[in-house]
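Some notes on the structure that comes next.
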Amino acid sequence: MAVSTSVKTIREAWFQLNGVMCLYKPTQISWKQMRNTLAFNISRDMNELEQDAPRKYVKIESLTNGTNVDLPAPASYSVTTIPNLADHELVRGPAILADDLRLQPGNLLGFRTAGVVVVGLNKGNRSLHNLNLSRPTSAYHIKSQFGLATDSHWDDGKVWEKTTFIHISRDKLDRMLASIQASNQKKMFEYCGVDPQSQTAYELASKGLLRPAVNGPPLIYGIKCVHFNPPDFTLEIHCANENEQYMAALIHDLGLSLKTTAVCQQIRCIRYGCFTVDDALLRKHWSLEYLPDHMSHCHTKLRSLPDIGPQLATYDRLQPSQNPPTKS
Amino acid sequence: MLRHSLRFKHVKFLLGYTTIRNQAQCAGKGVVASAVQQNNLPVISFQKPGPHVLDDELQLIPSQEIDNPLVVDSSFEGVTPLFSPSFNLASLVNKSELLQLMVKLGVSIHQWERKTDVHSWVMALDFKKDVQPIIQFLVDQGVASDSLGLFFTKNPYILKSSIEDLEIRINYLHSKKFSSEMISRILSRNPHWLLFSPERIDNRLGFVQQTFHLTGDELRAVATKESRLITSSLQGIKLMNFGFKEEMGFEAHQIKELLLAKPKLWLMNKSMLVDRFDYLHNTMKMDYESVLRFPAVLTCRGFRIKQRHEFLCHLNRAQYDPKLPRAG
């Protein structure tokens with residue numbers, strides 16, 4: 001999937017422009033802006049490569065200067081071959097337009113979220129689609145602060161409330177986070193229609209098959225506090241089907257449940273599936289010269305993932321007669 | 001490349017061009033559309049001379065002889081097949097001298113098709129009568145010949161203007177004491193200037209002079225430095241002034257200083273500028289005098305400023321007051 005250094009022409013380069021890449025999205029930028037910047041950069045760099053030679057245009061002119069209707073057909077014509085001006089760059093336009101590149105996001109981060117975004121280019125969208133079908137989890141670092149409640153749940157929103165937070169200890173926070181994680185795990189089983197205490201539940205969980213369907217509610221697989229320095233604290237969350245609003249509201253609810261208030265300062269996606277922040281390209285590298293090596297690196301990563309199998313198991317709601325729940 | 005070509009304006013072109021063809025035919029003698037290259041093929045009269053083709057005297061021919069193919073018309077020289085309807089100018093380039101000349105000058109025919117409706121009237125232009133005098137005029141006024149391509153790409157409508165109008169406009173500028181170098185700079189940087197009538201330009205120059213209380217020399221300097229300001233929207237200038245005065249808090253004399261140093265600011269997006277200034281002034285603690293000394297900082301992209309500032313913060317050198325030591 002790499003564009004090798006010996007590629008010089010646009011045509012050769014185009015056939016190699018397929019794959020999956022992983023970009024680091026800065027904050028305060030929408031996916032559309034990101035996509036447009038990337039597409040513009042790639043097409044600009046592509047158009048600097050060697051173009052195809054223009055086609056030939058055969059020009060046939062008669063050499064006799066006849067205007068008299070009665071003359072018979074002239075004996076000689078001049079036939080010249082000139083480069084076809086319709087293929088000239090100024091007439092035909094640039095070889096690659098930004099619209100010609102199909103770029104799809106694997107995960108859509110919110111406007112204020114920064115972090116890893118996996119993007120598919122042209123044929124790579126197929127691999128990306130398969131990756132998405134496997135419902136990979138994302139990991140986020142959410143920097144928040146206690147003592148403030150705002151309307152948007154972010155620190156620059158309109159302040160609703162200010163509270164004290166002296167009473168919060170690391171211990172209390174950890175306990176609260178553990179209970180959030182546990183309730184989410186239980187919900188997972190319920191969505192599958194399985195009693196969490198049953199053997200089926202154990203088998204499912206051990207195979208790692210408990211993933212929500214595409215448009216399900218957000219699910220948290222793991223949540224813990226990685227930095228605690230009141231009022232600031234940072235949470236690490238592993239989740240699926242999340243969105244920015246959900247996470248900001250989560251922080252807000254967390255604050256309320258700890259009898260104080262909390263707001264987000266920064267949400268950062270550090271992992272999507274197997275792609276982490278270390279793999280992601282910075283904004284200054286969003287151009288053609290960095291893409292080939294990067295896309296081949298991403299491709300290697302995808303190839304090294306275990307093959308899950310053709311379908312994730314779907315379970316119908318349990319009938320009362322089947323598998324009665326056993327209390328352990 | 002073809003994706004964007006099938007637009008309504010191209011359908012209009014198809015319809016438009018057929019009428020042009022008729023207009024050219026109605027021009028009298030010299031039947032064939034003047035842009036068409038004479039191939040000097042012998043006259044194979046497969047085209048019946050209709051009544052709109054013959055000149056006035058022959059209209060006296062009784063109706064039975066109008067369609068008579070044996071009637072020889074001396075003005076009927078070198079019939080060349082006219083262009084069939086085409087959906088872009090690229091297919092006409094090989095046959096049209098005018099378009100070939102444009103390509104030689106460096107005009108982007110592609111841009112013409114994308115952005116303007118030039119294709120509906122450009123084929124009817126006569127090189128010697130319409131285009132050449134204008135090229136000569138522009139070169140005389142000081143527009144560099146290798147930037148003529150860019151000029152016509154941005155402003156093809158000038159090919160439709162009359163030389164008298166253009167001369168009146170240049171005379172107006174001379175009467176307002178613009179020197180030849182100033183005029184050539186204005187024309188090179190702002191191809192649209194010559195489309196504005198002297199009354200409009202006068203209005204606009206007057207508006208700018210009164211709004212900012214400029215002297216004659218200052219006005220000329222501003223018009224030369226950023227001539228696009230004069231041809232852009234006046235409402236935009238008013239809005240931007242509001243932004244500077246009310247939202248950013250500059251004084252009137254400071255605004256005038258900014259205008260003389262960097263008039264380009266008035267062409268920018270106001271909300272982006274206000275956000276940028278907000279960051280510079282409130283977060284980076286840069287005061288008004290510093291911004292006035294380096295107005296270019298307002299044109300620098302927001303994320304670059306943020307990156308540099310955060311980097312300097314990291315190094316503990318984020319301090320922009322030149323009076324204090326180690327200003328960043």
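Identifiers in this document derive from the order of the structure tokens: chains are assigned A, B, ..., residues are numbered from 1 separately in each chain, and ligands are numbered from 1 in order of occurrence.
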Checklist entry - DSSP says strand (DSSP E) for which residues of stretch 177-308 of chain A? Put them as a ChimeraX atom specification? => result /A:219-229,232-240,262-272,275-276
For the selection you just gave me, I'd like the residues written to a file as a tab-separated table (two decimals), in the first residue's frame, keeping C-alpha atoms.
chain	number	residue	atom	x	y	z
A	219	LEU	CA	-20.89	1.75	26.69
A	220	ILE	CA	-17.99	2.10	29.05
A	221	TYR	CA	-15.67	-0.85	29.30
A	222	GLY	CA	-13.23	0.64	31.72
A	223	ILE	CA	-12.86	3.89	33.62
A	224	LYS	CA	-10.17	4.94	36.06
A	225	CYS	CA	-8.49	8.04	37.37
A	226	VAL	CA	-4.92	8.51	36.13
A	227	HIS	CA	-4.16	11.87	37.65
A	228	PHE	CA	-5.62	13.40	40.80
A	229	ASN	CA	-4.65	16.85	41.98
A	232	ASP	CA	-7.78	18.99	38.46
A	233	PHE	CA	-8.13	15.32	37.70
A	234	THR	CA	-7.78	13.17	34.60
A	235	LEU	CA	-9.83	10.11	33.75
A	236	GLU	CA	-8.97	7.37	31.34
A	237	ILE	CA	-12.05	5.86	29.70
A	238	HIS	CA	-12.30	2.87	27.38
A	239	CYS	CA	-15.61	2.92	25.60
A	240	ALA	CA	-17.60	2.23	22.48
A	262	ALA	CA	-17.19	19.02	37.64
A	263	VAL	CA	-16.48	20.27	34.11
A	264	CYS	CA	-14.28	19.07	31.23
A	265	GLN	CA	-11.20	20.96	30.24
A	266	GLN	CA	-9.91	18.72	27.51
A	267	ILE	CA	-11.02	15.48	25.86
A	268	ARG	CA	-8.39	13.58	23.98
A	269	CYS	CA	-8.80	10.32	22.11
A	270	ILE	CA	-5.64	8.31	22.66
A	271	ARG	CA	-6.63	5.08	20.98
A	272	TYR	CA	-9.09	3.78	18.43
A	275	PHE	CA	-4.25	2.78	16.47
A	276	THR	CA	-2.77	4.92	19.21
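The closest residue to A:Arg283, picked from A:Pro196, A:Gly120, A:Gly115, A:Gly93 and counting only C-alpha atoms, is A:Gly115.
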Next on the checklist: With only C-alpha atoms as the counted atoms, please give the residues lying no more than 8 Å from stretch 247-249 of chain A, apart from itself and same-chain residues fewer than 2 positions off, as JSON, numbers by chain.
Outcome noted: {"A": [152, 153, 154, 242, 243, 244, 245, 251, 252, 253, 263, 264]}
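If you look at atom CA of B:Met102 and atom CA of A:Pro54, they are 17.9 Å away from each other.
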Item to check | DSSP helix (DSSP H, G or I) selection over stretch 7-203 of chain A, as an NGL selection string | outcome: :A and (10-15 or 31-47 or 85-87 or 89-92 or 98-100 or 124-133 or 170-191 or 199-203)
Take the residues that were just selected and, keeping C-alpha atoms, output them as a short mmCIF file (atom, residue, chain, number, x, y, z; two decimals), in the first residue's frame.
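Once everything was written out, this is part_31.cif:
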data_model
loop_
_atom_site.label_atom_id
_atom_site.label_comp_id
_atom_site.auth_asym_id
_atom_site.auth_seq_id
_atom_site.Cartn_x
_atom_site.Cartn_y
_atom_site.Cartn_z
CA ILE A 10 0.54 11.11 -11.26
CA ARG A 11 -0.91 8.04 -12.87
CA GLU A 12 1.34 5.64 -10.97
CA ALA A 13 0.86 7.51 -7.74
CA TRP A 14 -2.92 7.49 -8.10
CA PHE A 15 -3.12 3.71 -8.27
CA TRP A 31 -14.13 16.65 10.51
CA LYS A 32 -15.13 18.56 7.39
CA GLN A 33 -12.30 21.06 7.83
CA MET A 34 -9.85 18.27 8.49
CA ARG A 35 -10.99 16.32 5.46
CA ASN A 36 -10.78 19.39 3.23
CA THR A 37 -7.27 20.27 4.41
CA LEU A 38 -6.07 16.73 3.88
CA ALA A 39 -7.71 16.39 0.45
CA PHE A 40 -6.36 19.75 -0.67
CA ASN A 41 -2.84 18.89 0.48
CA ILE A 42 -2.83 15.50 -1.21
CA SER A 43 -4.20 16.84 -4.49
CA ARG A 44 -1.77 19.75 -4.46
CA ASP A 45 1.17 17.41 -3.96
CA MET A 46 -0.13 14.96 -6.55
CA ASN A 47 -0.47 17.66 -9.18
CA LEU A 85 -4.25 21.52 -26.42
CA ALA A 86 -7.32 20.05 -24.81
CA ASP A 87 -4.92 18.11 -22.59
CA GLU A 89 -3.15 21.79 -17.85
CA LEU A 90 -4.64 25.26 -18.16
CA VAL A 91 -7.45 24.02 -20.36
CA ARG A 92 -8.30 20.73 -18.76
CA ALA A 98 -9.78 17.34 -4.00
CA ASP A 99 -13.21 15.83 -4.74
CA ASP A 100 -11.60 12.87 -6.48
CA GLY A 124 -8.91 1.75 1.94
CA ASN A 125 -12.46 2.65 2.92
CA ARG A 126 -13.31 -1.01 2.54
CA SER A 127 -10.71 -2.02 5.15
CA LEU A 128 -11.94 0.80 7.33
CA HIS A 129 -15.49 -0.44 7.06
CA ASN A 130 -14.40 -3.92 8.13
CA LEU A 131 -12.50 -2.43 11.04
CA ASN A 132 -15.61 -0.57 12.12
CA LEU A 133 -17.72 -3.72 11.89
CA ARG A 170 -8.78 9.74 45.67
CA ASP A 171 -10.46 6.83 47.37
CA LYS A 172 -13.97 8.23 46.98
CA LEU A 173 -13.38 9.00 43.35
CA ASP A 174 -12.03 5.53 42.60
CA ARG A 175 -15.01 3.92 44.28
CA MET A 176 -17.43 6.00 42.23
CA LEU A 177 -15.62 5.17 39.00
CA ALA A 178 -15.62 1.46 39.83
CA SER A 179 -19.37 1.54 40.33
CA ILE A 180 -19.82 3.30 36.99
CA GLN A 181 -17.75 0.62 35.31
CA ALA A 182 -19.68 -2.16 36.99
CA SER A 183 -23.07 -0.77 36.05
CA ASN A 184 -21.94 -0.43 32.47
CA GLN A 185 -20.78 -4.04 32.41
CA LYS A 186 -24.15 -5.13 33.70
CA LYS A 187 -25.91 -3.06 31.03
CA MET A 188 -23.83 -4.82 28.40
CA PHE A 189 -25.25 -8.17 29.37
CA GLU A 190 -28.75 -6.76 29.48
CA TYR A 191 -28.45 -5.40 25.96
CA GLN A 199 -23.14 -19.42 32.22
CA THR A 200 -23.95 -17.90 28.83
CA ALA A 201 -22.83 -14.54 30.12
CA TYR A 202 -19.52 -16.00 31.23
CA GLU A 203 -18.95 -17.68 27.90
#
Item to check | atom CA of B:Lys129 to atom CA of B:Glu97, straight-line distance in Å | outcome: 13.7 Å
Next on the checklist: So that I can check the surroundings of B:Gln235, please list as a ChimeraX atom specification every protein, DNA and RNA residue that reaches within 12 Å of it, counting only C-alpha atoms and ignoring chain neighbours fewer than 5 positions away.
Outcome noted: /B:204,207-208,211,229-230,240-242,266-267
Please produce a file of those selected residues containing all heavy atoms, as a JSON list (two decimals), in the first residue's frame.
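As written to disk, part.json reads:
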[["chain", "number", "residue", "atom", "x", "y", "z"],
["B", 204, "ARG", "N", -16.13, 55.22, -3.60],
["B", 204, "ARG", "CA", -15.44, 54.36, -2.66],
["B", 204, "ARG", "C", -14.21, 55.00, -2.06],
["B", 204, "ARG", "O", -13.97, 54.90, -0.86],
["B", 204, "ARG", "CB", -15.04, 53.05, -3.37],
["B", 204, "ARG", "CG", -16.21, 52.13, -3.47],
["B", 204, "ARG", "CD", -16.21, 51.30, -4.72],
["B", 204, "ARG", "NE", -17.43, 50.52, -4.75],
["B", 204, "ARG", "CZ", -17.54, 49.31, -4.21],
["B", 204, "ARG", "NH1", -16.49, 48.75, -3.67],
["B", 204, "ARG", "NH2", -18.69, 48.68, -4.24],
["B", 207, "PHE", "N", -15.43, 57.40, 0.43],
["B", 207, "PHE", "CA", -15.90, 56.73, 1.65],
["B", 207, "PHE", "C", -14.73, 56.37, 2.56],
["B", 207, "PHE", "O", -14.76, 56.62, 3.77],
["B", 207, "PHE", "CB", -16.70, 55.48, 1.26],
["B", 207, "PHE", "CG", -17.08, 54.62, 2.42],
["B", 207, "PHE", "CD1", -18.17, 54.96, 3.21],
["B", 207, "PHE", "CD2", -16.35, 53.50, 2.75],
["B", 207, "PHE", "CE1", -18.52, 54.17, 4.29],
["B", 207, "PHE", "CE2", -16.70, 52.71, 3.82],
["B", 207, "PHE", "CZ", -17.79, 53.05, 4.60],
["B", 208, "VAL", "N", -13.71, 55.76, 1.95],
["B", 208, "VAL", "CA", -12.55, 55.35, 2.75],
["B", 208, "VAL", "C", -11.87, 56.57, 3.36],
["B", 208, "VAL", "O", -11.47, 56.56, 4.53],
["B", 208, "VAL", "CB", -11.56, 54.54, 1.88],
["B", 208, "VAL", "CG1", -10.25, 54.32, 2.59],
["B", 208, "VAL", "CG2", -12.16, 53.22, 1.50],
["B", 211, "THR", "N", -14.12, 57.88, 6.24],
["B", 211, "THR", "CA", -14.24, 56.99, 7.40],
["B", 211, "THR", "C", -12.99, 57.03, 8.26],
["B", 211, "THR", "O", -13.06, 57.01, 9.47],
["B", 211, "THR", "CB", -14.44, 55.53, 6.92],
["B", 211, "THR", "OG1", -15.40, 55.52, 5.88],
["B", 211, "THR", "CG2", -14.89, 54.66, 8.06],
["B", 229, "LEU", "N", -9.24, 46.58, -1.36],
["B", 229, "LEU", "CA", -10.09, 47.19, -0.34],
["B", 229, "LEU", "C", -11.11, 48.13, -0.97],
["B", 229, "LEU", "O", -12.27, 48.19, -0.56],
["B", 229, "LEU", "CB", -9.20, 47.98, 0.63],
["B", 229, "LEU", "CG", -9.82, 48.41, 1.93],
["B", 229, "LEU", "CD1", -10.19, 47.20, 2.74],
["B", 229, "LEU", "CD2", -8.85, 49.28, 2.70],
["B", 230, "ILE", "N", -10.65, 48.85, -2.01],
["B", 230, "ILE", "CA", -11.51, 49.84, -2.65],
["B", 230, "ILE", "C", -12.61, 49.15, -3.46],
["B", 230, "ILE", "O", -13.72, 49.66, -3.60],
["B", 230, "ILE", "CB", -10.68, 50.77, -3.56],
["B", 230, "ILE", "CG1", -9.47, 51.33, -2.79],
["B", 230, "ILE", "CG2", -11.52, 51.89, -4.13],
["B", 230, "ILE", "CD1", -9.81, 52.26, -1.68],
["B", 240, "MET", "N", -15.97, 45.80, 9.87],
["B", 240, "MET", "CA", -14.64, 45.57, 10.41],
["B", 240, "MET", "C", -14.24, 46.70, 11.35],
["B", 240, "MET", "O", -13.62, 46.48, 12.38],
["B", 240, "MET", "CB", -13.63, 45.43, 9.26],
["B", 240, "MET", "CG", -12.33, 44.86, 9.71],
["B", 240, "MET", "SD", -12.53, 43.29, 10.54],
["B", 240, "MET", "CE", -12.12, 42.19, 9.25],
["B", 241, "ASN", "N", -14.66, 47.92, 10.98],
["B", 241, "ASN", "CA", -14.36, 49.05, 11.88],
["B", 241, "ASN", "C", -15.06, 48.88, 13.21],
["B", 241, "ASN", "O", -14.50, 49.16, 14.27],
["B", 241, "ASN", "CB", -14.83, 50.36, 11.24],
["B", 241, "ASN", "CG", -13.80, 50.88, 10.27],
["B", 241, "ASN", "OD1", -12.69, 50.38, 10.22],
["B", 241, "ASN", "ND2", -14.16, 51.89, 9.51],
["B", 242, "PHE", "N", -16.30, 48.41, 13.12],
["B", 242, "PHE", "CA", -17.05, 48.14, 14.34],
["B", 242, "PHE", "C", -16.29, 47.12, 15.19],
["B", 242, "PHE", "O", -16.15, 47.27, 16.41],
["B", 242, "PHE", "CB", -18.44, 47.60, 14.00],
["B", 242, "PHE", "CG", -19.25, 47.19, 15.19],
["B", 242, "PHE", "CD1", -19.99, 48.12, 15.89],
["B", 242, "PHE", "CD2", -19.27, 45.88, 15.62],
["B", 242, "PHE", "CE1", -20.73, 47.76, 17.00],
["B", 242, "PHE", "CE2", -20.01, 45.51, 16.72],
["B", 242, "PHE", "CZ", -20.74, 46.44, 17.42],
["B", 266, "TRP", "N", -8.73, 44.47, 6.68],
["B", 266, "TRP", "CA", -10.13, 44.77, 6.46],
["B", 266, "TRP", "C", -10.78, 43.80, 5.49],
["B", 266, "TRP", "O", -11.97, 43.83, 5.31],
["B", 266, "TRP", "CB", -10.28, 46.22, 5.94],
["B", 266, "TRP", "CG", -10.43, 47.18, 7.07],
["B", 266, "TRP", "CD1", -11.58, 47.79, 7.49],
["B", 266, "TRP", "CD2", -9.39, 47.64, 7.94],
["B", 266, "TRP", "NE1", -11.32, 48.59, 8.58],
["B", 266, "TRP", "CE2", -9.99, 48.52, 8.88],
["B", 266, "TRP", "CE3", -8.02, 47.40, 8.05],
["B", 266, "TRP", "CZ2", -9.27, 49.15, 9.88],
["B", 266, "TRP", "CZ3", -7.30, 48.02, 9.04],
["B", 266, "TRP", "CH2", -7.92, 48.89, 9.95],
["B", 267, "LEU", "N", -9.97, 42.97, 4.85],
["B", 267, "LEU", "CA", -10.54, 41.99, 3.94],
["B", 267, "LEU", "C", -10.76, 40.64, 4.61],
["B", 267, "LEU", "O", -11.27, 39.72, 4.00],
["B", 267, "LEU", "CB", -9.59, 41.78, 2.75],
["B", 267, "LEU", "CG", -9.40, 42.97, 1.84],
["B", 267, "LEU", "CD1", -8.32, 42.68, 0.83],
["B", 267, "LEU", "CD2", -10.69, 43.31, 1.13]]
